[in-house]
Structure formats: structure tokens, C-alpha cells
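The file run-v1.pdb contains PDB, C-alpha atoms:
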ATOM      1  CA  MET A1113      21.969 -33.886 -38.087
ATOM      2  CA  GLU A1114      24.155 -30.954 -36.951
ATOM      3  CA  ILE A1115      22.339 -28.681 -39.437
ATOM      4  CA  GLU A1116      18.954 -29.737 -38.063
ATOM      5  CA  MET A1117      20.121 -29.155 -34.488
ATOM      6  CA  TYR A1118      21.404 -25.720 -35.494
ATOM      7  CA  LYS A1119      17.997 -24.862 -36.980
ATOM      8  CA  LEU A1120      16.223 -26.054 -33.855
ATOM      9  CA  ASP A1121      18.564 -24.016 -31.683
ATOM     10  CA  ALA A1122      17.955 -20.930 -33.808
ATOM     11  CA  LEU A1123      14.200 -21.437 -33.589
ATOM     12  CA  PHE A1124      14.452 -21.881 -29.825
ATOM     13  CA  ARG A1125      16.459 -18.678 -29.419
ATOM     14  CA  ARG A1126      13.997 -16.829 -31.642
ATOM     15  CA  GLY A1127      11.125 -18.159 -29.528
ATOM     16  CA  VAL A1128      12.794 -16.916 -26.363
ATOM     17  CA  ALA A1129      13.268 -13.503 -27.942
ATOM     18  CA  VAL A1130       9.575 -13.363 -28.889
ATOM     19  CA  CYS A1131       8.602 -14.427 -25.392
ATOM     20  CA  ALA A1132      10.839 -11.733 -23.920
ATOM     21  CA  LEU A1133       9.296  -9.119 -26.193
ATOM     22  CA  SER A1134       5.738 -10.087 -25.334
ATOM     23  CA  PHE A1135       6.147 -10.550 -21.592
ATOM     24  CA  CYS A1136       9.201  -8.519 -20.639
ATOM     25  CA  VAL A1137       7.936  -5.129 -21.743
ATOM     26  CA  THR A1138       7.054  -4.736 -18.082
ATOM     27  CA  GLY A1139      10.487  -5.923 -16.979
ATOM     28  CA  VAL A1140       9.427  -9.499 -16.199
ATOM     29  CA  SER A1141      11.344 -12.349 -17.794
ATOM     30  CA  CYS A1142       9.245 -15.269 -18.999
ATOM     31  CA  ALA A1143      11.945 -17.549 -17.582
ATOM     32  CA  ASN A1144      11.361 -16.124 -14.090
ATOM     33  CA  ASP A1145       8.899 -18.487 -12.438
ATOM     34  CA  ALA A1146       9.847 -17.564  -8.881
ATOM     35  CA  PRO A1147       6.905 -16.137  -6.904
ATOM     36  CA  LEU A1148       6.913 -12.505  -5.879
ATOM     37  CA  ARG A1149       7.488 -12.166  -2.146
ATOM     38  CA  THR A1150       5.743  -9.452  -0.205
ATOM     39  CA  ALA A1151       4.146  -8.702   3.150
ATOM     40  CA  VAL A1152       1.308  -6.927   4.932
ATOM     41  CA  ASP A1153       0.319  -6.014   8.449
ATOM     42  CA  ALA A1154      -2.509  -8.549   8.769
ATOM     43  CA  THR A1155      -4.165  -6.554  11.561
ATOM     44  CA  PHE A1156      -4.758  -3.562   9.272
ATOM     45  CA  ALA A1157      -8.319  -4.357   8.144
ATOM     46  CA  PRO A1158      -9.737  -3.978   5.571
ATOM     47  CA  HIS A1159      -6.396  -3.657   3.778
ATOM     48  CA  ALA A1160      -5.200  -6.971   5.185
ATOM     49  CA  MET A1161      -6.662  -9.354   7.747
ATOM     50  CA  PRO A1162      -6.765 -13.082   8.537
ATOM     51  CA  LYS A1163      -9.264 -15.235   6.692
ATOM     52  CA  LEU A1164     -10.939 -18.460   7.718
ATOM     53  CA  GLY A1165      -8.896 -21.458   6.681
ATOM     54  CA  GLY A1166      -5.605 -19.571   6.885
ATOM     55  CA  GLY A1167      -3.894 -16.861   4.918
ATOM     56  CA  VAL A1168      -4.828 -13.204   4.586
ATOM     57  CA  GLN A1169      -7.415 -11.194   2.695
ATOM     58  CA  GLY A1170      -8.230  -7.558   2.046
ATOM     59  CA  PHE A1171      -7.852  -4.690  -0.401
ATOM     60  CA  ASN A1172      -4.072  -4.826  -0.562
ATOM     61  CA  VAL A1173      -4.014  -8.603  -0.835
ATOM     62  CA  ASP A1174      -6.369  -8.422  -3.830
ATOM     63  CA  LEU A1175      -4.230  -5.625  -5.271
ATOM     64  CA  GLY A1176      -1.071  -7.718  -4.988
ATOM     65  CA  GLU A1177      -2.657 -10.828  -6.440
ATOM     66  CA  GLU A1178      -3.974  -8.892  -9.446
ATOM     67  CA  ILE A1179      -0.572  -7.309 -10.069
ATOM     68  CA  ALA A1180       1.122 -10.721  -9.921
ATOM     69  CA  LYS A1181      -1.476 -12.156 -12.293
ATOM     70  CA  ARG A1182      -0.780  -9.436 -14.841
ATOM     71  CA  LEU A1183       2.948 -10.061 -14.546
ATOM     72  CA  GLY A1184       2.481 -13.790 -15.062
ATOM     73  CA  ARG A1185       3.836 -14.551 -11.596
ATOM     74  CA  LYS A1186       2.580 -16.146  -8.419
ATOM     75  CA  ILE A1187       2.726 -14.151  -5.202
ATOM     76  CA  VAL A1188       3.422 -15.067  -1.581
ATOM     77  CA  VAL A1189       1.942 -12.611   0.935
ATOM     78  CA  GLU A1190       3.429 -12.868   4.428
ATOM     79  CA  ALA A1191       1.825 -11.432   7.556
ATOM     80  CA  ALA A1192       4.177  -9.258   9.626
ATOM     81  CA  GLU A1193       4.131  -6.303  12.017
ATOM     82  CA  PHE A1194       4.241  -2.967  10.221
ATOM     83  CA  SER A1195       7.473  -1.966  11.948
ATOM     84  CA  GLY A1196       9.224  -5.007  10.428
ATOM     85  CA  LEU A1197       8.157  -4.440   6.816
ATOM     86  CA  VAL A1198      10.855  -2.019   5.634
ATOM     87  CA  PRO A1199      13.685  -3.946   7.347
ATOM     88  CA  GLY A1200      12.363  -7.094   5.637
ATOM     89  CA  LEU A1201      12.354  -5.332   2.281
ATOM     90  CA  ASN A1202      15.884  -3.997   2.698
ATOM     91  CA  SER A1203      17.174  -7.421   3.735
ATOM     92  CA  LYS A1204      15.648  -8.828   0.488
ATOM     93  CA  ARG A1205      13.211 -11.021   2.344
ATOM     94  CA  TYR A1206      10.533  -9.259   0.268
ATOM     95  CA  ASP A1207      10.653  -8.104  -3.351
ATOM     96  CA  PHE A1208       8.365  -5.160  -2.635
ATOM     97  CA  LEU A1209       5.753  -4.132  -0.070
ATOM     98  CA  ILE A1210       2.077  -4.577  -0.893
ATOM     99  CA  ALA A1211       1.199  -3.203   2.555
ATOM    100  CA  PRO A1212      -0.141   0.362   2.680
ATOM    101  CA  VAL A1213       2.895   2.654   2.947
ATOM    102  CA  THR A1214       2.302   6.397   2.963
ATOM    103  CA  VAL A1215       4.774   8.192   0.705
ATOM    104  CA  THR A1216       6.549  10.988   2.575
ATOM    105  CA  PRO A1217       9.656  13.051   1.717
ATOM    106  CA  GLU A1218      11.582  11.131   4.398
ATOM    107  CA  ARG A1219      10.575   7.692   3.146
ATOM    108  CA  SER A1220      11.175   8.570  -0.503
ATOM    109  CA  LYS A1221      14.825   9.241   0.314
ATOM    110  CA  SER A1222      15.370   5.611   1.320
ATOM    111  CA  LEU A1223      12.686   3.778  -0.685
ATOM    112  CA  LEU A1224      11.575   3.716  -4.308
ATOM    113  CA  PHE A1225       7.820   4.064  -4.862
ATOM    114  CA  THR A1226       5.305   3.429  -7.598
ATOM    115  CA  GLU A1227       2.667   6.092  -8.135
ATOM    116  CA  GLY A1228      -0.070   6.181  -5.524
ATOM    117  CA  TYR A1229      -2.987   3.753  -5.665
ATOM    118  CA  LEU A1230      -5.152   5.455  -3.001
ATOM    119  CA  ASP A1231      -5.302   8.830  -1.323
ATOM    120  CA  THR A1232      -4.392   8.529   2.328
ATOM    121  CA  ASP A1233      -5.979  10.830   4.876
ATOM    122  CA  TYR A1234      -5.975  10.442   8.656
ATOM    123  CA  THR A1235      -9.158   9.993  10.669
ATOM    124  CA  PHE A1236      -9.779   9.749  14.413
ATOM    125  CA  LEU A1237     -11.774   6.832  15.783
ATOM    126  CA  GLY A1238     -13.446   7.107  19.158
ATOM    127  CA  SER A1239     -16.207   5.709  21.320
ATOM    128  CA  ALA A1240     -19.732   6.170  19.978
ATOM    129  CA  LYS A1241     -20.546   7.856  23.307
ATOM    130  CA  SER A1242     -17.804  10.471  23.031
ATOM    131  CA  ALA A1243     -18.289  13.956  21.591
ATOM    132  CA  PRO A1244     -17.072  14.286  17.996
ATOM    133  CA  ILE A1245     -13.878  16.218  17.307
ATOM    134  CA  GLU A1246     -14.508  19.315  15.208
ATOM    135  CA  ASN A1247     -11.001  20.753  15.342
ATOM    136  CA  LEU A1248      -7.568  19.632  16.501
ATOM    137  CA  GLU A1249      -7.580  22.017  19.465
ATOM    138  CA  GLN A1250     -10.159  19.722  21.096
ATOM    139  CA  LEU A1251      -7.456  17.061  21.473
ATOM    140  CA  LYS A1252      -6.002  18.883  24.475
ATOM    141  CA  GLY A1253      -5.769  16.517  27.444
ATOM    142  CA  LYS A1254      -6.763  13.478  25.382
ATOM    143  CA  THR A1255      -4.853  10.236  24.767
ATOM    144  CA  ILE A1256      -4.376   8.931  21.241
ATOM    145  CA  ALA A1257      -3.466   5.335  20.370
ATOM    146  CA  VAL A1258      -1.338   4.760  17.258
ATOM    147  CA  ASN A1259       0.333   1.870  15.428
ATOM    148  CA  LYS A1260       4.096   1.556  16.000
ATOM    149  CA  GLY A1261       6.196   2.623  13.027
ATOM    150  CA  SER A1262       3.245   4.103  11.142
ATOM    151  CA  ASN A1263       2.905   7.590   9.705
ATOM    152  CA  TYR A1264       0.189   8.199  12.332
ATOM    153  CA  GLU A1265       2.789   7.723  15.065
ATOM    154  CA  GLY A1266       4.931  10.287  13.263
ATOM    155  CA  TRP A1267       2.048  12.780  13.139
ATOM    156  CA  ALA A1268       1.309  12.246  16.836
ATOM    157  CA  LYS A1269       4.941  12.764  17.784
ATOM    158  CA  GLU A1270       5.172  15.992  15.784
ATOM    159  CA  ASN A1271       1.895  17.460  17.070
ATOM    160  CA  ALA A1272       1.513  16.252  20.682
ATOM    161  CA  GLY A1273       3.134  19.368  22.113
ATOM    162  CA  LYS A1274       1.285  21.731  19.787
ATOM    163  CA  TYR A1275      -2.195  20.440  20.613
ATOM    164  CA  GLY A1276      -1.588  19.234  24.182
ATOM    165  CA  PHE A1277      -2.402  15.538  23.861
ATOM    166  CA  ARG A1278      -0.429  12.437  24.813
ATOM    167  CA  TYR A1279      -0.085   9.336  22.667
ATOM    168  CA  ASP A1280       0.562   5.648  23.257
ATOM    169  CA  VAL A1281       2.188   3.340  20.716
ATOM    170  CA  TYR A1282       0.926  -0.207  20.033
ATOM    171  CA  GLY A1283       2.424  -3.088  18.038
ATOM    172  CA  THR A1284      -0.686  -3.431  15.882
ATOM    173  CA  ASN A1285      -3.533  -1.125  14.945
ATOM    174  CA  ALA A1286      -5.995  -3.693  16.324
ATOM    175  CA  ASP A1287      -4.360  -3.217  19.746
ATOM    176  CA  ALA A1288      -4.656   0.547  19.325
ATOM    177  CA  VAL A1289      -8.393   0.219  18.646
ATOM    178  CA  GLN A1290      -8.769  -2.107  21.618
ATOM    179  CA  ALA A1291      -7.222   0.603  23.791
ATOM    180  CA  ILE A1292     -10.284   2.777  23.109
ATOM    181  CA  GLN A1293     -12.696   0.042  24.111
ATOM    182  CA  ALA A1294     -10.673  -0.681  27.242
ATOM    183  CA  GLY A1295     -10.673   2.986  28.226
ATOM    184  CA  ARG A1296      -6.885   3.396  27.893
ATOM    185  CA  ALA A1297      -7.195   5.872  25.019
ATOM    186  CA  ASP A1298      -9.727   8.422  23.837
ATOM    187  CA  TYR A1299      -9.032   8.029  20.133
ATOM    188  CA  ASN A1300      -7.189   5.906  17.630
ATOM    189  CA  LEU A1301      -5.582   7.750  14.717
ATOM    190  CA  ALA A1302      -5.282   5.731  11.507
ATOM    191  CA  GLY A1303      -6.046   5.808   7.800
ATOM    192  CA  THR A1304      -9.541   6.875   6.808
ATOM    193  CA  THR A1305     -10.320   3.535   5.149
ATOM    194  CA  VAL A1306      -9.218   1.544   8.190
ATOM    195  CA  VAL A1307     -11.162   3.710  10.616
ATOM    196  CA  ALA A1308     -14.326   3.569   8.479
ATOM    197  CA  TRP A1309     -14.082  -0.223   8.397
ATOM    198  CA  ALA A1310     -13.699  -0.471  12.180
ATOM    199  CA  ALA A1311     -16.686   1.798  12.845
ATOM    200  CA  LYS A1312     -18.815  -0.067  10.328
ATOM    201  CA  ARG A1313     -18.186  -3.375  12.067
ATOM    202  CA  ASN A1314     -18.481  -2.125  15.641
ATOM    203  CA  PRO A1315     -21.436   0.121  16.638
ATOM    204  CA  ALA A1316     -19.618   1.026  19.866
ATOM    205  CA  LEU A1317     -17.131   3.027  17.781
ATOM    206  CA  LYS A1318     -17.509   6.031  15.475
ATOM    207  CA  THR A1319     -15.337   8.091  13.159
ATOM    208  CA  SER A1320     -14.506  11.692  13.923
ATOM    209  CA  TYR A1321     -12.256  14.443  12.555
ATOM    210  CA  THR A1322     -10.354  13.792   9.279
ATOM    211  CA  ILE A1323      -6.966  15.326   8.519
ATOM    212  CA  LYS A1324      -6.498  15.954   4.789
ATOM    213  CA  THR A1325      -2.891  15.171   3.964
ATOM    214  CA  GLY A1326      -2.512  15.372   0.201
ATOM    215  CA  LEU A1327      -0.500  12.146   0.512
ATOM    216  CA  VAL A1328      -0.950   8.754  -1.133
ATOM    217  CA  TRP A1329      -0.328   5.093  -0.474
ATOM    218  CA  ALA A1330       2.075   3.491  -2.942
ATOM    219  CA  LEU A1331       4.019   0.263  -3.391
ATOM    220  CA  ALA A1332       7.532   0.372  -1.932
ATOM    221  CA  PHE A1333      10.708  -1.069  -3.471
ATOM    222  CA  ARG A1334      14.364  -1.016  -2.522
ATOM    223  CA  LYS A1335      16.117   2.108  -3.762
ATOM    224  CA  ASP A1336      18.189   0.129  -6.282
ATOM    225  CA  ASP A1337      15.298  -1.907  -7.734
ATOM    226  CA  LYS A1338      14.236   0.344 -10.592
ATOM    227  CA  GLU A1339      13.462  -2.643 -12.809
ATOM    228  CA  GLY A1340      11.081  -4.115 -10.271
ATOM    229  CA  ARG A1341       9.334  -0.791  -9.809
ATOM    230  CA  THR A1342       8.965  -0.355 -13.576
ATOM    231  CA  SER A1343       7.352  -3.795 -13.893
ATOM    232  CA  VAL A1344       4.800  -3.238 -11.167
ATOM    233  CA  SER A1345       4.176   0.395 -12.131
ATOM    234  CA  ASN A1346       3.105  -0.667 -15.616
ATOM    235  CA  ALA A1347       0.665  -3.210 -14.200
ATOM    236  CA  LEU A1348      -0.708  -0.650 -11.731
ATOM    237  CA  LYS A1349      -1.294   1.931 -14.479
ATOM    238  CA  CYS A1350      -3.187  -0.675 -16.504
ATOM    239  CA  MET A1351      -5.307  -1.548 -13.465
ATOM    240  CA  LYS A1352      -6.248   2.098 -13.058
ATOM    241  CA  LYS A1353      -6.940   2.463 -16.751
ATOM    242  CA  ASP A1354      -9.443  -0.416 -16.842
ATOM    243  CA  GLY A1355     -11.057   0.505 -13.502
ATOM    244  CA  THR A1356      -9.743  -2.456 -11.476
ATOM    245  CA  VAL A1357      -8.332  -0.378  -8.607
ATOM    246  CA  ALA A1358     -11.557   1.631  -8.306
ATOM    247  CA  LYS A1359     -13.577  -1.598  -8.205
ATOM    248  CA  LEU A1360     -11.399  -2.928  -5.384
ATOM    249  CA  ALA A1361     -12.006   0.311  -3.466
ATOM    250  CA  GLN A1362     -15.745  -0.130  -3.888
ATOM    251  CA  LYS A1363     -15.522  -3.760  -2.751
ATOM    252  CA  TRP A1364     -13.553  -3.136   0.433
ATOM    253  CA  PHE A1365     -14.322   0.471   1.434
ATOM    254  CA  GLY A1366     -17.764   1.036  -0.020
ATOM    255  CA  PHE A1367     -16.987   4.232  -1.914
ATOM    256  CA  GLU A1368     -16.364   5.121  -5.547
ATOM    257  CA  PRO A1369     -13.118   7.114  -5.964
ATOM    258  CA  ASP A1370     -13.478  10.342  -7.932
ATOM    259  CA  ALA A1371     -11.280  11.334 -10.871
ATOM    260  CA  THR A1372      -8.751  13.089  -8.615
ATOM    261  CA  ASN A1373      -8.215  10.080  -6.342
ATOM    262  CA  ALA A1374      -5.000   8.111  -6.794
ATOM    263  CA  ALA A1375      -7.131   4.999  -7.372
ATOM    264  CA  VAL A1376      -8.197   6.518 -10.687
ATOM    265  CA  ASN A1377      -5.706   9.243 -11.596
ATOM    266  CA  ILE A1378      -2.777   7.899 -13.667
ATOM    267  CA  THR A1379       0.551   9.663 -13.095
ATOM    268  CA  PRO A1380       2.316  10.735 -16.327
ATOM    269  CA  GLY A1381       5.698   9.420 -15.171
ATOM    270  CA  THR A1382       6.867   6.746 -12.732
ATOM    271  CA  GLY A1383       6.564   7.239  -9.002
ATOM    272  CA  VAL A1384       5.009   9.986  -6.887
ATOM    273  CA  PRO A1385       5.424  13.523  -8.267
ATOM    274  CA  ASP A1386       7.426  15.971  -6.118
ATOM    275  CA  MET A1387       9.041  13.100  -4.206
ATOM    276  CA  ASP A1388      12.578  11.706  -4.485
ATOM    277  CA  GLY A1389      12.760   8.902  -7.005
ATOM    278  CA  TYR A1390      10.079  10.273  -9.324
ATOM    279  CA  ASP A1391      10.903   9.787 -12.999
ATOM    280  CA  ALA A1392       9.019  12.397 -15.019
ATOM    281  CA  THR A1393       9.639  10.625 -18.341
ATOM    282  CA  PRO A1394       6.157  10.166 -19.876
ATOM    283  CA  VAL A1395       4.951   6.566 -19.789
ATOM    284  CA  THR A1396       2.387   4.918 -22.041
ATOM    285  CA  PRO A1397       1.327   1.748 -20.174
ATOM    286  CA  THR A1398       1.546  -1.519 -22.091
ATOM    287  CA  CYS A1399      -1.646  -3.400 -21.250
ATOM    288  CA  SER A1400      -2.824  -6.762 -22.545
TER     289      SER A1400
END

Starting from the file, give its structure as C-alpha cells.
Amino acid sequence: MEIEMYKLDALFRRGVAVCALSFCVTGVSCANDAPLRTAVDATFAPHAMPKLGGGVQGFNVDLGEEIAKRLGRKIVVEAAEFSGLVPGLNSKRYDFLIAPVTVTPERSKSLLFTEGYLDTDYTFLGSAKSAPIENLEQLKGKTIAVNKGSNYEGWAKENAGKYGFRYDVYGTNADAVQAIQAGRADYNLAGTTVVAWAAKRNPALKTSYTIKTGLVWALAFRKDDKEGRTSVSNALKCMKKDGTVAKLAQKWFGFEPDATNAAVNITPGTGVPDMDGYDATPVTPTCS
């Protein structure tokens, strides 16, 4: 009986090893059934927004659900204000951030990022009756509404004196857009995808000048969670390779990313090149 039990135990341990080899190449243990915890700013349509019946929907929600599916995990997406996302990540309330986070030199010093999944440019949104902006000098005397804690607030703070505009900060981007309609602001500055979505849904609004940044949106992890980043990075590379990320862009934004866009271009290493935390070691994604 003891011999039989020993054989069964050996077979069990061998089975676990096989399971680990087949599923843990991305850093995910097959014994880990706990759902991934993440968050989005649910006012940042079409990346994340409320849906009828409860919960959230949008590009980034779909992105997170597909990543979790490929990792063999469930995912819980919480709605939160953008300014509370990084504190929630650092307090381990969230495993990573599926919300759009622009990778900057400052942020890469305190956060660990996957490679980008979309290029992120800045576009001004204004009233359909207002004259379009053709250059930044035309911002003189204008008021810009921005989302608190966002990279757009950072840009406004750095450039208000240079171009002679003032800016107001709002808790959500939806409130910033509402400021235009209420006459409290001349323009909202936000991501190109978000601004295009708002103008498409509201004929009283229109897009204007776009600032090319050369920056990308990526998934953020705590600085010490290299294993978690490796897991998700592998899944993200596979999603680019088979065209999933590009299809999500078409679904939510209505455009097909070109070969240079982060939605299509696969980074050789792990992370965002030329930023802190980038690992240049060549990676061959393991895709099922």
C-alpha cells in the first residue's frame, strides 16, 4: 500500500511539474486561482466607461480581460479616480493597472512598465462653434480643462506660462469636457482616442490641434514586481503578434494602427525602450 501511495505521489508531483512547465512559462502558477485585481478611471471613455447592468466596458477593459484569459486567470476591474490608481497599486490593492498610463521618465523611476500597447498623443477638444487651433501660440488667453493627476495636467502646468493660457483641474475627464459645454473652459486636453470618441458622440464638440509626443500607454506594475510584468508582457506580445490589440483599436477607436504604432510594433525586450526599467534582453514570446 505504501509503495502504491509513493507511486501516486510521484505521479502527482510529476503532473504538477508538467502543469508548471506548460502554464508558468509566463510566470503564472497553475495553482494560482486568485483573480487579477486592477482598476480603471471609468469616466475615460472609450477606454473605460460604465455599462448598462453594472460594471465597466471599453478598450482597456477588453484588453485586461483578454490578458487574464491568456494567463488562465479571472480579472476584477475596479472603477476609481485616476489620481487614486497609483496609490492603490503601491498599497497592493491592485496587482497592476489596466488603465491608460502614459510612460514618462518620471513615472518609470517609480513604476515598472510593460511595452506600450498604444501610441499616446494629446489632442484639444473644443466647441464646434470655436475656431480650430492651428498652433499652440493661439492658446494665449484661453482656459484649458484637464483631468487631475493625468499627464495632460502635467503638460498644462509646464506650458501655461510659455503659451499664456490658464488651466483648471477636474476630478474626472468627463467633468473637464462638461466644463467646455458649460462655458467654463475653452478646451479640454486629453488623449487623442478619448477626444475623438467625445467628438464622435457629441456634435456640439470637435477635435482640434494634436500634440505628437512620441510616448506610449503601457501597463503599470509595482517596481518590485518583475515576475508579474514578465507574465503580462508575454501575453501582450502574443496579442500584438496575432493582431488582437489592433482589432481592439479598430473596435473602440475606429482606426487601423500602422506598423509603427505600439498596438502593432513588438518591442525586442521587456518594457519601454529608453525608460528606466527596460530590460533589453531579447524575448521570444511563448504563445499558445

Legend entry - Matched chain/residue IDs from the PyMOL selection byres ((chain A and resi 1244) around 12), as an MDAnalysis selection string: chainID A and resid 1235:1243 1245:1248 1250:1251 1298:1299 1317:1322

Inset, instruction - Write out as a list in words which residues come within 12 Å of Pro1199 of chain A when counting only C-alpha atoms, dropping same-chain ones fewer than 5 positions away. - result: Ala1151, Ala1192, Glu1193, Phe1194, Lys1204, Arg1205, Tyr1206, Asp1207, Phe1208, Leu1209, Ser1222, Leu1223, Gly1261, Ala1332, Phe1333 and Arg1334 of chain A

Inset, instruction - Translate the PyMOL selection byres ((chain A and resi 1232) around 10), as applied to the file shown, into an explicit residue set as a ChimeraX atom specification. - result: /A:1212-1215,1228-1231,1233-1235,1302-1305,1323-1330,1373-1374

Once you have the residues from the selection above, write them out as a JSON list (two decimals), in the frame of the given file, restricted to C-alpha atoms.
[["chain", "number", "residue", "atom", "x", "y", "z"],
["A", 1212, "PRO", "CA", -0.14, 0.36, 2.68],
["A", 1213, "VAL", "CA", 2.90, 2.65, 2.95],
["A", 1214, "THR", "CA", 2.30, 6.40, 2.96],
["A", 1215, "VAL", "CA", 4.77, 8.19, 0.70],
["A", 1228, "GLY", "CA", -0.07, 6.18, -5.52],
["A", 1229, "TYR", "CA", -2.99, 3.75, -5.66],
["A", 1230, "LEU", "CA", -5.15, 5.46, -3.00],
["A", 1231, "ASP", "CA", -5.30, 8.83, -1.32],
["A", 1233, "ASP", "CA", -5.98, 10.83, 4.88],
["A", 1234, "TYR", "CA", -5.98, 10.44, 8.66],
["A", 1235, "THR", "CA", -9.16, 9.99, 10.67],
["A", 1302, "ALA", "CA", -5.28, 5.73, 11.51],
["A", 1303, "GLY", "CA", -6.05, 5.81, 7.80],
["A", 1304, "THR", "CA", -9.54, 6.88, 6.81],
["A", 1305, "THR", "CA", -10.32, 3.54, 5.15],
["A", 1323, "ILE", "CA", -6.97, 15.33, 8.52],
["A", 1324, "LYS", "CA", -6.50, 15.95, 4.79],
["A", 1325, "THR", "CA", -2.89, 15.17, 3.96],
["A", 1326, "GLY", "CA", -2.51, 15.37, 0.20],
["A", 1327, "LEU", "CA", -0.50, 12.15, 0.51],
["A", 1328, "VAL", "CA", -0.95, 8.75, -1.13],
["A", 1329, "TRP", "CA", -0.33, 5.09, -0.47],
["A", 1330, "ALA", "CA", 2.08, 3.49, -2.94],
["A", 1373, "ASN", "CA", -8.22, 10.08, -6.34],
["A", 1374, "ALA", "CA", -5.00, 8.11, -6.79]]

Going by the chain IDs and residue numbers used in this file, which residues fall under the PyMOL selection byres ((chain A and resi 1153) around 12)? Write them as a compact mmCIF listing (two decimals) with C-alpha atoms, keeping the file's coordinate frame.
# COMPACT_ATOMS: atom_id res chain seq x y z
CA THR A 1150 5.74 -9.45 -0.20
CA ALA A 1151 4.15 -8.70 3.15
CA VAL A 1152 1.31 -6.93 4.93
CA ALA A 1154 -2.51 -8.55 8.77
CA THR A 1155 -4.16 -6.55 11.56
CA PHE A 1156 -4.76 -3.56 9.27
CA ALA A 1157 -8.32 -4.36 8.14
CA PRO A 1158 -9.74 -3.98 5.57
CA HIS A 1159 -6.40 -3.66 3.78
CA ALA A 1160 -5.20 -6.97 5.18
CA MET A 1161 -6.66 -9.35 7.75
CA PRO A 1162 -6.76 -13.08 8.54
CA VAL A 1168 -4.83 -13.20 4.59
CA GLN A 1169 -7.42 -11.19 2.70
CA GLY A 1170 -8.23 -7.56 2.05
CA ASN A 1172 -4.07 -4.83 -0.56
CA VAL A 1173 -4.01 -8.60 -0.84
CA VAL A 1189 1.94 -12.61 0.94
CA GLU A 1190 3.43 -12.87 4.43
CA ALA A 1191 1.82 -11.43 7.56
CA ALA A 1192 4.18 -9.26 9.63
CA GLU A 1193 4.13 -6.30 12.02
CA PHE A 1194 4.24 -2.97 10.22
CA SER A 1195 7.47 -1.97 11.95
CA GLY A 1196 9.22 -5.01 10.43
CA LEU A 1197 8.16 -4.44 6.82
CA VAL A 1198 10.86 -2.02 5.63
CA LEU A 1209 5.75 -4.13 -0.07
CA ILE A 1210 2.08 -4.58 -0.89
CA ALA A 1211 1.20 -3.20 2.56
CA PRO A 1212 -0.14 0.36 2.68
CA VAL A 1213 2.90 2.65 2.95
CA ASN A 1259 0.33 1.87 15.43
CA LYS A 1260 4.10 1.56 16.00
CA GLY A 1261 6.20 2.62 13.03
CA SER A 1262 3.24 4.10 11.14
CA GLY A 1283 2.42 -3.09 18.04
CA THR A 1284 -0.69 -3.43 15.88
CA ASN A 1285 -3.53 -1.12 14.94
CA ALA A 1286 -6.00 -3.69 16.32

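Across A:Phe1171, A:Gly1165, A:Thr1393, A:Tyr1264, the tightest approach to Trp1309 of chain A is made by A:Phe1171 when counting only C-alpha atoms.
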
Legend entry - All residues 6 Å or closer to segment 1271-1277 of chain A, all atoms listed in the file, same chain fewer than 4 positions away omitted, as a PyMOL selection string: chain A and resi 1249+1251-1255

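The gap separating atom CA of Ile1179 of chain A from atom CA of Ser1343 of chain A is 9.5 Å, in Å to one decimal.
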
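Distance annotation: of A:Ser1203, A:Thr1382, A:Thr1356, A:Thr1396, the residue with the minimal separation from Leu1175 of chain A is A:Thr1356; atom set is only C-alpha atoms.
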
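We find atom CA of Gly1381 of chain A and atom CA of Ser1220 of chain A to be spaced 15.7 Å apart.
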
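Separating atom CA of Ala1268 of chain A from atom CA of Arg1219 of chain A is a distance of 17.1 Å.
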
Legend entry - Counting only C-alpha atoms, the residue of A:Pro1369, A:Gly1295, A:Thr1342, A:Ala1308 that sits nearest Thr1398 of chain A: A:Thr1342
